[in-house]
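Novice: One structure, pasted below without further comment.
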Amino acid sequence: MSEIQFLAIERTETSLVVALLQNVGCFSQDNFFPEWRAALDAAADPKVATVVLSLRRLPYFGSMVLEMTLQLERLLRARGAKLVLCQVSPFGREILRVARFDRLLPIFKTVEEALTAAPHR
Amino acid sequence: MSTVLVVDDNAVDRMAVRGLLEKAGGLSVRLVDSGNAALEALRQSVPDVIITDLVMPEMDGFSLVKAIVATYPQVPIVLMTGYGSEEIAVNALHAGAASYVPKSHLSSLLAETVLKLVEILRQQEQQQRLIGRLMRQDCEFELDSDPRLVPSIVHYMIRGLRCVGHSDESISIRVSVALEEALNNAIYHGNLELSSALRELDAAEYREIVRQRREQSPYCERKVYVRAEISRDEARFRIRDQGPGFDPQSLPDPTDPSNLDQPSGRGVMLMRTFMDEVLFEPCGNEVTLVKRFAP
C-alpha cells in the first residue's frame, strides 16, 4: 500500500507554495512529521520571502492545522518573511475567524493572487 | 412493476430483448436505438435498470455508461457483450456498469440477471425506508490510545447522525471538528499525558514520546471510552479517558490577542464553538459534547 502524502511543496525563486493535501489530526501521524519538517526547512531558506499555504483540499480542519500554521508564521516572522493563506473553504474561513487567525494572516482566493500580492525581495 | 430501458441500434436484437424480459414478467420495457436517445429518455423518466449494447454508432456503450453513471449513479446498467466488444465491456465495467451478459446467452441469462438486480434494488429501498424510521441510535466504544482510529470513529458517528435524519453538511463538519478535537485530547493530553507545549518545543521529541508511551505502562493500558446517544432531537457524545484529568479553567483563552501564540486551548475553543454544549466532569477526564437539532 502506498504511503499517504500530506504535503505538496513547490518552490520559486523567492516564494514557496505549500499545499496541504489532507487533514492532519496529529503530529504523530505516521509520515506527516518528516514532510512537515521538510516544509519548515524549505521555508527557513533566507531566499524565501513568502510562503503561501494552500488549504484547497481541506473542507475543514482543526486545532492541529491551526498550530502548524502558527508554527510556520512564527518561523517566517522571526526573519522578516511572510505567510499567507489561500484557497480556504467557507468552513475553513469560519475556523480561521473563530481562532482570530484572519486578523493575523492575509487570506487570498487563489495561489496566483497570493503570489501577486506577496512581497518580493 | 419495475421499468427497464433497453439501448440497442439493432431493431431485431431490441425486439428479442423485449420478448425475453416481458416473458419473465413484472417488467415494463422501453426501447431506444442509440446512446443519445437513451440519455433523452432518462431525462423524461429514470428506469430501474438499463440494458445496453456496446457497439453502436455515435456513442458506444462505454461512453454511454460513463454519461449515465455521472448523472444517475443509482441505476444499475447491464451490458450485452458480443464478440469483439470485450475491451469496451471491461472499460464499461470499470466505469460503473453493474453486470454483463454475452449476447450468445441472452435467452438463458438476461432476464435472470435483470430480476436479480431488481430484487437487490427492492431490498435497498426497504432498507432505506427502515433507516428513515430510525429514531435513536446508542453506541459505546472502548478504544486503545491509537490516533489512527480517530477519523474512523468520527466517520462512524457522522453516519449515525445521517441515519437519524441529520444529513446537513455543515452540521456534519461542525460535529466532526469537535469530535476530532475531543478524541485527540483524550488520547494525547489525557491518556498519554502529553502537553501542547512539548509538541511546540520539539515536534520530533514529541513524536518519539508518543511512540514510547503507547508501549509503556501505565499509558499503554489506558483506554478511551466513547458513548454516543443520537436522536432526532440531539446528539450527545461522552468521551472519557483514563488519564489524571485536567482543569479546563486553566486553559488560556486562545482568542485573546495576547494568547494567540499560546500552544494550548484551541481544541476546546473549537469544541465550544461548534457544539451547543460542552461539559467537563469535575475529574477533568470526561467531556460531553451536545448538539441540538431544531424540530
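Going through the C-alpha cells in order, the chains are called A, B, and so on, while each chain numbers its residues from 1 and the ligands are numbered from 1 in the order shown.
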Pick out the residues sitting within 8 Å of segment 200-203 of chain B, and hand them over as number ranges by chain; count only C-alpha atoms, and ignore anything fewer than 2 positions along from it in its own chain.
Specialist: A: 27, 33, 71; B: 196-198, 205-207, 263
Novice: Those residues with N, CA and C atoms, as a compact mmCIF listing (two decimals), in the first residue's frame please?
Specialist:
# COMPACT_ATOMS: atom_id res chain seq x y z
N PHE A 27 0.53 15.40 15.10
CA PHE A 27 1.91 15.37 14.61
C PHE A 27 2.48 13.96 14.56
N PHE A 33 5.08 13.92 9.92
CA PHE A 33 6.12 14.74 10.53
C PHE A 33 7.32 14.96 9.61
N GLN A 71 3.02 27.87 13.76
CA GLN A 71 4.44 27.49 13.83
C GLN A 71 5.19 28.06 12.61
N SER B 196 0.70 20.33 24.82
CA SER B 196 0.90 21.01 23.54
C SER B 196 2.22 21.76 23.54
N ALA B 197 2.62 22.23 24.74
CA ALA B 197 3.86 23.00 24.82
C ALA B 197 5.06 22.15 24.39
N LEU B 198 5.04 20.88 24.78
CA LEU B 198 6.14 19.99 24.40
C LEU B 198 6.17 19.81 22.88
N GLU B 205 10.82 15.21 19.22
CA GLU B 205 10.86 14.57 20.53
C GLU B 205 9.43 14.16 20.95
N TYR B 206 8.50 15.05 20.67
CA TYR B 206 7.10 14.78 20.99
C TYR B 206 6.64 13.48 20.32
N ARG B 207 7.01 13.37 19.06
CA ARG B 207 6.61 12.18 18.29
C ARG B 207 7.22 10.91 18.89
N PRO B 263 0.29 27.73 22.88
CA PRO B 263 0.11 26.46 22.16
C PRO B 263 -1.19 25.74 22.49
Novice: Which residues come within 10 Å of Trp36 of chain A, counting only C-alpha atoms, excluding same-chain residues fewer than 5 positions away, as a PyMOL selection string?
Specialist: (chain A and resi 6-7+18+20+27+31+41-42+68+72) or (chain B and resi 203)
Novice: In Å to one decimal, how far is atom CA of Leu192 of chain B from atom CA of Leu149 of chain B?
Specialist: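 Distance between the two atoms: 15.4 Å.
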Novice: Write out as a ChimeraX atom specification which residues come within 9 Å of Ile187 of chain B when counting only C-alpha atoms, dropping same-chain ones fewer than 6 positions away.
Specialist: /B:144-147,193-194,223-224,241,243
Novice: For chain B, which residues have at least one atom within 7 Å of chain A, if we go by only C-alpha atoms? Write them as a compact mmCIF listing (two decimals) with C-alpha atoms, in the first residue's frame, please.
Specialist:
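Below you can see out.txt, which holds the result:
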# COMPACT_ATOMS: atom_id res chain seq x y z
CA ILE B 173 -18.50 19.22 9.59
CA VAL B 177 -14.27 19.04 14.12
CA GLU B 181 -10.58 17.62 18.99
CA ARG B 207 6.61 12.18 18.29
CA THR B 255 -8.97 34.27 21.09
CA ARG B 266 -7.66 25.99 20.60
CA GLY B 267 -9.12 22.47 20.57
Novice: Which polymer residues have any atom within 9 Å of an atom of Val17 of chain A, counting only C-alpha atoms, with same-chain residues fewer than 4 positions away left out, as a VMD selection string?
Specialist: chain A and resid 8 to 12 50 to 54 111 115
Novice: Could you save the residues just selected, with all heavy atoms, as a short mmCIF file (atom, residue, chain, number, x, y, z; two decimals), in the first residue's frame?
Specialist:
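And here's again-v2.cif as it stands now:
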data_model
loop_
_atom_site.label_atom_id
_atom_site.label_comp_id
_atom_site.auth_asym_id
_atom_site.auth_seq_id
_atom_site.Cartn_x
_atom_site.Cartn_y
_atom_site.Cartn_z
N ALA A 8 2.29 18.99 -0.56
CA ALA A 8 2.95 19.19 -1.86
C ALA A 8 3.66 20.53 -1.75
O ALA A 8 3.06 21.53 -1.33
CB ALA A 8 1.93 19.20 -2.98
N ILE A 9 4.95 20.55 -2.09
CA ILE A 9 5.73 21.78 -1.94
C ILE A 9 6.26 22.19 -3.30
O ILE A 9 6.85 21.39 -4.02
CB ILE A 9 6.90 21.55 -0.96
CG1 ILE A 9 6.36 21.10 0.40
CG2 ILE A 9 7.73 22.82 -0.80
CD1 ILE A 9 7.43 20.67 1.38
N GLU A 10 6.05 23.47 -3.63
CA GLU A 10 6.53 23.98 -4.90
C GLU A 10 7.33 25.24 -4.63
O GLU A 10 6.87 26.14 -3.94
CB GLU A 10 5.32 24.31 -5.79
CG GLU A 10 5.64 24.31 -7.25
CD GLU A 10 4.38 24.56 -8.07
OE1 GLU A 10 3.32 24.01 -7.71
OE2 GLU A 10 4.46 25.33 -9.02
N ARG A 11 8.53 25.30 -5.20
CA ARG A 11 9.43 26.41 -4.89
C ARG A 11 9.64 27.28 -6.12
O ARG A 11 9.85 26.78 -7.21
CB ARG A 11 10.76 25.82 -4.41
CG ARG A 11 11.90 26.77 -4.23
CD ARG A 11 11.79 27.49 -2.90
NE ARG A 11 12.65 28.65 -2.90
CZ ARG A 11 13.86 28.68 -2.37
NH1 ARG A 11 14.34 27.61 -1.78
NH2 ARG A 11 14.59 29.78 -2.41
N THR A 12 9.55 28.59 -5.95
CA THR A 12 10.03 29.50 -6.98
C THR A 12 11.23 30.21 -6.38
O THR A 12 11.65 29.86 -5.26
CB THR A 12 8.95 30.53 -7.40
OG1 THR A 12 8.72 31.39 -6.30
CG2 THR A 12 7.66 29.85 -7.85
N THR A 50 8.21 34.73 0.89
CA THR A 50 6.79 34.46 1.17
C THR A 50 6.50 32.98 1.08
O THR A 50 6.98 32.31 0.16
CB THR A 50 5.90 35.17 0.11
OG1 THR A 50 6.22 36.54 0.10
CG2 THR A 50 4.42 35.00 0.42
N VAL A 51 5.71 32.51 2.02
CA VAL A 51 5.20 31.14 1.93
C VAL A 51 3.69 31.23 1.77
O VAL A 51 3.02 31.93 2.53
CB VAL A 51 5.57 30.30 3.16
CG1 VAL A 51 4.89 28.93 3.09
CG2 VAL A 51 7.07 30.13 3.27
N VAL A 52 3.19 30.56 0.73
CA VAL A 52 1.74 30.51 0.50
C VAL A 52 1.27 29.14 0.96
O VAL A 52 1.75 28.11 0.47
CB VAL A 52 1.41 30.70 -1.00
CG1 VAL A 52 -0.08 30.57 -1.24
CG2 VAL A 52 1.94 32.03 -1.51
N LEU A 53 0.35 29.12 1.93
CA LEU A 53 -0.19 27.84 2.42
C LEU A 53 -1.57 27.64 1.79
O LEU A 53 -2.50 28.40 2.07
CB LEU A 53 -0.27 27.86 3.94
CG LEU A 53 -0.75 26.57 4.62
CD1 LEU A 53 0.18 25.40 4.32
CD2 LEU A 53 -0.83 26.76 6.14
N SER A 54 -1.66 26.65 0.92
CA SER A 54 -2.94 26.38 0.24
C SER A 54 -3.72 25.31 1.00
O SER A 54 -3.21 24.23 1.28
CB SER A 54 -2.69 25.91 -1.19
OG SER A 54 -3.87 25.36 -1.71
N VAL A 111 -3.81 30.82 -5.48
CA VAL A 111 -2.35 30.84 -5.30
C VAL A 111 -1.78 32.04 -6.06
O VAL A 111 -0.92 32.78 -5.56
CB VAL A 111 -1.72 29.53 -5.81
CG1 VAL A 111 -0.21 29.61 -5.80
CG2 VAL A 111 -2.18 28.34 -4.98
N LEU A 115 0.45 35.04 -4.61
CA LEU A 115 1.82 35.30 -5.06
C LEU A 115 1.96 36.72 -5.59
O LEU A 115 2.97 37.38 -5.37
CB LEU A 115 2.22 34.29 -6.15
CG LEU A 115 2.48 32.87 -5.65
CD1 LEU A 115 2.66 31.91 -6.81
CD2 LEU A 115 3.70 32.83 -4.74
#
Novice: Apply DSSP to the structure's backbone, then extract all residues of segment 44-274 of chain B labelled strand (DSSP E) and return them as a PyMOL selection string.
Specialist: chain B and resi 49-53+77-81+99-102+136-144+223-231+234-240
Novice: Show me, as a ChimeraX atom specification, the residues that have an atom within 10 Å of Arg122 of chain B when counting only C-alpha atoms, minus same-chain residues fewer than 5 positions from it.
Specialist: /B:2,48,116-117,127-128
Novice: Residues as selected, N, CA and C atoms, written as a tab-separated table (two decimals), in the first residue's frame, can you do that?
Specialist:
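File written: again39.tsv
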chain	number	residue	atom	x	y	z
B	2	SER	N	-41.43	-3.03	-12.28
B	2	SER	CA	-40.12	-2.40	-12.48
B	2	SER	C	-39.93	-2.03	-13.95
B	48	ASP	N	-35.61	1.58	-13.61
B	48	ASP	CA	-34.95	0.86	-12.52
B	48	ASP	C	-33.64	0.23	-12.99
B	116	LYS	N	-32.55	-10.27	-10.75
B	116	LYS	CA	-31.70	-10.23	-9.55
B	116	LYS	C	-31.42	-8.79	-9.16
B	117	LEU	N	-31.10	-7.96	-10.15
B	117	LEU	CA	-30.83	-6.55	-9.87
B	117	LEU	C	-32.07	-5.86	-9.30
B	127	GLN	N	-34.53	-1.14	2.91
B	127	GLN	CA	-33.52	-0.78	3.91
B	127	GLN	C	-33.54	0.73	4.16
B	128	GLN	N	-33.60	1.49	3.07
B	128	GLN	CA	-33.65	2.96	3.19
B	128	GLN	C	-34.89	3.40	3.95
Novice: Tell me, which residues of segment 27-121 of chain A carry DSSP alpha helix (DSSP H), written as an MDAnalysis selection string?
Specialist: chainID A and resid 32:43 63:77 90:98 101:104 111:117
Novice: With only C-alpha atoms as the counted atoms, please give the residues lying no more than 8 Å from Ala182 of chain B, apart from itself and same-chain residues fewer than 2 positions off, as a PyMOL selection string.
Specialist: chain B and resi 178-180+184-186+239+267-268+271+287
Novice: Counting only C-alpha atoms, which of A:Val48, A:Val65, A:Leu55, A:Leu105 gets nearest to Gly80 of chain A?
Specialist: A:Val48
Novice: Taking 4 positions as the minimum chain separation for residues in the same chain, which residues sit within 12 Å of Ile68 of chain B when counting only C-alpha atoms? Answer as a ChimeraX atom specification.
Specialist: /B:35-36,38-43,46-47,49-52,61-64,72-77,92,95-97
Novice: Next, dump the selected residues to file, keeping only C-alpha atoms, as an mmCIF file, in the first residue's frame.
Specialist:
data_model
loop_
_atom_site.group_PDB
_atom_site.id
_atom_site.type_symbol
_atom_site.label_atom_id
_atom_site.label_comp_id
_atom_site.auth_asym_id
_atom_site.auth_seq_id
_atom_site.Cartn_x
_atom_site.Cartn_y
_atom_site.Cartn_z
ATOM 1 C CA GLY B 35 -26.963 6.360 -26.671
ATOM 2 C CA ASN B 36 -28.270 9.863 -27.297
ATOM 3 C CA ALA B 38 -31.164 6.777 -24.099
ATOM 4 C CA LEU B 39 -29.960 9.982 -22.419
ATOM 5 C CA GLU B 40 -33.041 11.798 -23.703
ATOM 6 C CA ALA B 41 -35.290 9.002 -22.376
ATOM 7 C CA LEU B 42 -33.538 9.257 -18.973
ATOM 8 C CA ARG B 43 -34.303 12.966 -18.822
ATOM 9 C CA VAL B 46 -35.445 7.207 -14.856
ATOM 10 C CA PRO B 47 -35.873 3.421 -15.167
ATOM 11 C CA VAL B 49 -32.443 -0.929 -14.792
ATOM 12 C CA ILE B 50 -30.704 -0.082 -18.089
ATOM 13 C CA ILE B 51 -29.551 -2.706 -20.581
ATOM 14 C CA THR B 52 -27.219 -1.541 -23.324
ATOM 15 C CA GLY B 61 -21.630 1.529 -24.699
ATOM 16 C CA PHE B 62 -18.593 2.719 -22.713
ATOM 17 C CA SER B 63 -19.337 6.413 -23.383
ATOM 18 C CA LEU B 64 -22.989 5.827 -22.540
ATOM 19 C CA TYR B 72 -27.759 8.581 -12.485
ATOM 20 C CA PRO B 73 -25.260 6.565 -10.399
ATOM 21 C CA GLN B 74 -28.083 4.699 -8.654
ATOM 22 C CA VAL B 75 -29.345 2.994 -11.837
ATOM 23 C CA PRO B 76 -27.689 -0.383 -12.499
ATOM 24 C CA ILE B 77 -26.518 -0.963 -16.072
ATOM 25 C CA ALA B 92 -17.576 -0.051 -19.061
ATOM 26 C CA ALA B 95 -16.702 2.872 -15.318
ATOM 27 C CA GLY B 96 -19.536 1.540 -13.185
ATOM 28 C CA ALA B 97 -21.691 -0.920 -15.135
#
Novice: Just to confirm, what's the straight-line distance from atom CA of Ser176 of chain B to atom CA of Phe274 of chain B in Å (one decimal)?
Specialist: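 Atom CA of Phe274 of chain B lies at a distance of 9.3 Å from atom CA of Ser176 of chain B.
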Novice: Per residue of segment 102-219 of chain B within 9 Å of segment 14-30 of chain B, record the nearest atom pair and its distance in Å to one decimal, counting only C-alpha atoms, with rows in chain order and ascending residue number, as a Markdown table.
Specialist:
| residue | atom | partner | partner_atom | distance |
| --- | --- | --- | --- | --- |
| B:Leu106 | CA | B:Val17 | CA | 7.8 |
| B:Ser107 | CA | B:Leu20 | CA | 6.5 |
| B:Leu110 | CA | B:Leu20 | CA | 7.6 |
| B:Ala111 | CA | B:Leu21 | CA | 5.5 |
| B:Glu112 | CA | B:Ala24 | CA | 8.1 |
| B:Val114 | CA | B:Leu21 | CA | 8.3 |
| B:Leu115 | CA | B:Ala24 | CA | 8.3 |
Novice: Work out how far atom CA of Lys82 of chain A is from atom CA of Pro106 of chain A, in Å to one decimal.
Specialist: 9.6 Å
Novice: Here is a test: counting only C-alpha atoms, which residue of B:Gln249, B:Pro151, B:Gln124, B:Gln216 is nearest to Phe280 of chain B?
Specialist: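 Once distances to Phe280 of chain B are computed over only C-alpha atoms, the minimum belongs to B:Gln249.
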